[in-house]
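Notes for the one structure printed next.
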Amino acid sequence: MKKFSLTLLVMMLFASVSFAQTQVKVALGINSSALYPDNANLKQSAAAGWQIGGSWLMGDKFYVEPGIYYSNFSANIQSTDTTMLDYTSKLDMFRIPVFVGYHILGNASDSFFNLRVFGGPTASFVTKVAETNTFKKDDFSKVLWGVDAGIGINVWWIFVDIGYEWGLNKVYNHSTYGTAKTRALWVNAGIRINM
């Protein structure tokens, strides 16, 4: 019964947007991410990263937007005790968001200006970790789950999206330094192509 309900929901979603406006969005962006450790002897500071990829917007006033991005997240952690830890985590990943959004001003078919809000879950599949003598790839989760919220502006065929992501699971689990979750502010800019 659950499989049938899920299949029916997916079919209704695609049916509702199949005749609506669709756009392909190609983007390049930057991010600022930070680790939030549960170890009181560690302090964090944000570091810059980047992402490149695209998404597929389906709908007009209300829309669904799945995407895929290749991303690099970096964050710094330092110890405040005698362990003298000073580590910059660098994670490369395929980030797959699935956003639901609403055009506050205009809609997807408007060609000049509109304003959007959006949010939804994100799954990031880690492909590379900056290893040191302290942190190894096996200390890190293979998939990072998050939830995002943001705002977007379209001007003609150009768009800018600004979002914030809250990490839901542990980025790493280390025998000495405990665990940490991540948070990130990101900005994407690019072009949108009506289909």
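Chain identifiers are assigned as A, B, and so on, following the order in which chains appear in the structure tokens; residues are numbered from 1 within each chain, and ligands are numbered from 1 in order of appearance.
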
Which parts of region 6-179 of chain A does DSSP call strand (DSSP E) when run on the backbone here, written out as a PyMOL selection string?
chain A and resi 22-37+42-59+62-79+86-105+113-129+143-155+158-167+172-174+178-179

I want to know what sits within 6 Å of region 60-72 of chain A, based on only C-alpha atoms, with residues of the same chain fewer than 5 positions away left out; could you give that as a list in words?
Gln21, Gly49, Trp50, Gln51, Ile52, Gly53, Gly54, Ser55, Leu91, Asp92, Met93, Phe94, Arg95, Ile96, Pro97, Val98, Phe99, Val100, Gly101, Tyr102, His103, Asn107 and Ala108 of chain A

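From CA of Ala123 (chain A) back to CA of Asp139 (chain A), the distance works out to 18.4 Å.
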
Residue neighbourhood Val147 (chain A), 10 Å, only C-alpha atoms, exclusion window fewer than 5 positions, as a count of residues only:
14

Can you tell me which residues surround region 74-86 of chain A at a distance of at most 7 Å, considering only C-alpha atoms, apart from same-chain residues fewer than 4 positions away, and format the answer as a PyMOL selection string?
chain A and resi 33-35+41-49+90-91

Just to be explicit: take each residue in the selection above, keep N, CA and C atoms, and write the result as a PDB file, in the first residue's frame.
ATOM      1  N   SER A  33      31.083  27.518   4.396  1.00  0.00           N
ATOM      2  CA  SER A  33      30.592  26.452   5.268  1.00  0.00           C
ATOM      3  C   SER A  33      31.403  26.400   6.555  1.00  0.00           C
ATOM      4  N   ALA A  34      30.775  25.865   7.593  1.00  0.00           N
ATOM      5  CA  ALA A  34      31.427  25.735   8.891  1.00  0.00           C
ATOM      6  C   ALA A  34      31.016  24.422   9.535  1.00  0.00           C
ATOM      7  N   LEU A  35      31.925  23.846  10.299  1.00  0.00           N
ATOM      8  CA  LEU A  35      31.638  22.648  11.088  1.00  0.00           C
ATOM      9  C   LEU A  35      31.236  23.072  12.493  1.00  0.00           C
ATOM     10  N   ASN A  41      36.175  21.376  23.259  1.00  0.00           N
ATOM     11  CA  ASN A  41      37.566  21.815  23.110  1.00  0.00           C
ATOM     12  C   ASN A  41      37.912  22.214  21.676  1.00  0.00           C
ATOM     13  N   LEU A  42      36.925  22.225  20.796  1.00  0.00           N
ATOM     14  CA  LEU A  42      37.156  22.609  19.407  1.00  0.00           C
ATOM     15  C   LEU A  42      36.375  23.872  19.085  1.00  0.00           C
ATOM     16  N   LYS A  43      37.001  24.768  18.350  1.00  0.00           N
ATOM     17  CA  LYS A  43      36.309  25.949  17.846  1.00  0.00           C
ATOM     18  C   LYS A  43      36.341  25.896  16.325  1.00  0.00           C
ATOM     19  N   GLN A  44      35.347  26.504  15.699  1.00  0.00           N
ATOM     20  CA  GLN A  44      35.224  26.431  14.249  1.00  0.00           C
ATOM     21  C   GLN A  44      35.299  27.818  13.645  1.00  0.00           C
ATOM     22  N   SER A  45      35.669  27.848  12.374  1.00  0.00           N
ATOM     23  CA  SER A  45      35.573  29.065  11.575  1.00  0.00           C
ATOM     24  C   SER A  45      35.225  28.667  10.151  1.00  0.00           C
ATOM     25  N   ALA A  46      34.486  29.534   9.483  1.00  0.00           N
ATOM     26  CA  ALA A  46      34.002  29.229   8.134  1.00  0.00           C
ATOM     27  C   ALA A  46      35.118  29.358   7.113  1.00  0.00           C
ATOM     28  N   ALA A  47      34.955  28.640   6.013  1.00  0.00           N
ATOM     29  CA  ALA A  47      35.900  28.715   4.898  1.00  0.00           C
ATOM     30  C   ALA A  47      35.117  28.720   3.593  1.00  0.00           C
ATOM     31  N   ALA A  48      35.747  29.198   2.534  1.00  0.00           N
ATOM     32  CA  ALA A  48      35.075  29.346   1.243  1.00  0.00           C
ATOM     33  C   ALA A  48      35.193  28.077   0.407  1.00  0.00           C
ATOM     34  N   GLY A  49      34.153  27.822  -0.372  1.00  0.00           N
ATOM     35  CA  GLY A  49      34.130  26.719  -1.320  1.00  0.00           C
ATOM     36  C   GLY A  49      33.389  27.143  -2.580  1.00  0.00           C
ATOM     37  N   LYS A  90      38.264  19.568   3.723  1.00  0.00           N
ATOM     38  CA  LYS A  90      37.919  19.877   2.339  1.00  0.00           C
ATOM     39  C   LYS A  90      37.205  18.666   1.781  1.00  0.00           C
ATOM     40  N   LEU A  91      35.937  18.842   1.475  1.00  0.00           N
ATOM     41  CA  LEU A  91      35.108  17.752   0.976  1.00  0.00           C
ATOM     42  C   LEU A  91      34.641  18.058  -0.434  1.00  0.00           C
TER      43      LEU A  91
END

Pick from A:Gly106, A:Ser175, A:Leu115, A:Ser141: nearest to Thr127 (chain A), with only C-alpha atoms counted?
A:Ser141

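Here CA of Thr22 (chain A) and CA of Ser124 (chain A) stand 24.6 Å from one another.
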
What parts of chain A does DSSP call helix (DSSP H, G or I)? I'd like the answer as a list in words.
Lys2, Lys3, Phe4, Ser5, Leu6, Thr7, Leu8, Leu9, Val10, Met11, Met12, Leu13, Phe14, Ala15, Ser16, Val17, Ser18, Lys137, Asp138 and Asp139 of chain A

Shortest interatomic distance to Ala27 (chain A) - which of A:Trp56, A:Trp156, A:Thr132, A:Ala149, counting only C-alpha atoms
A:Trp56

Determine, counting only C-alpha atoms, which protein, DNA and RNA residues have an atom within 9 Å of an atom of Ile191 (chain A); residues of the same chain fewer than 4 positions away are not included. Present the result as a PyMOL selection string.
chain A and resi 24-27+157-160

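Relative to CA of Asn194 (chain A), CA of Gly59 (chain A) is found at 11.5 Å.
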
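Distance annotation: of A:Asn114, A:Asn169, A:Thr179, A:Ser109, the residue with the minimal separation from Phe135 (chain A) is A:Thr179; atom set is only C-alpha atoms.
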
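Of the listed residues A:Lys128, A:Arg116, A:Lys137, A:Lys170, the one whose atoms come nearest to Asn154 (chain A) is A:Arg116, with distances taken using only C-alpha atoms.
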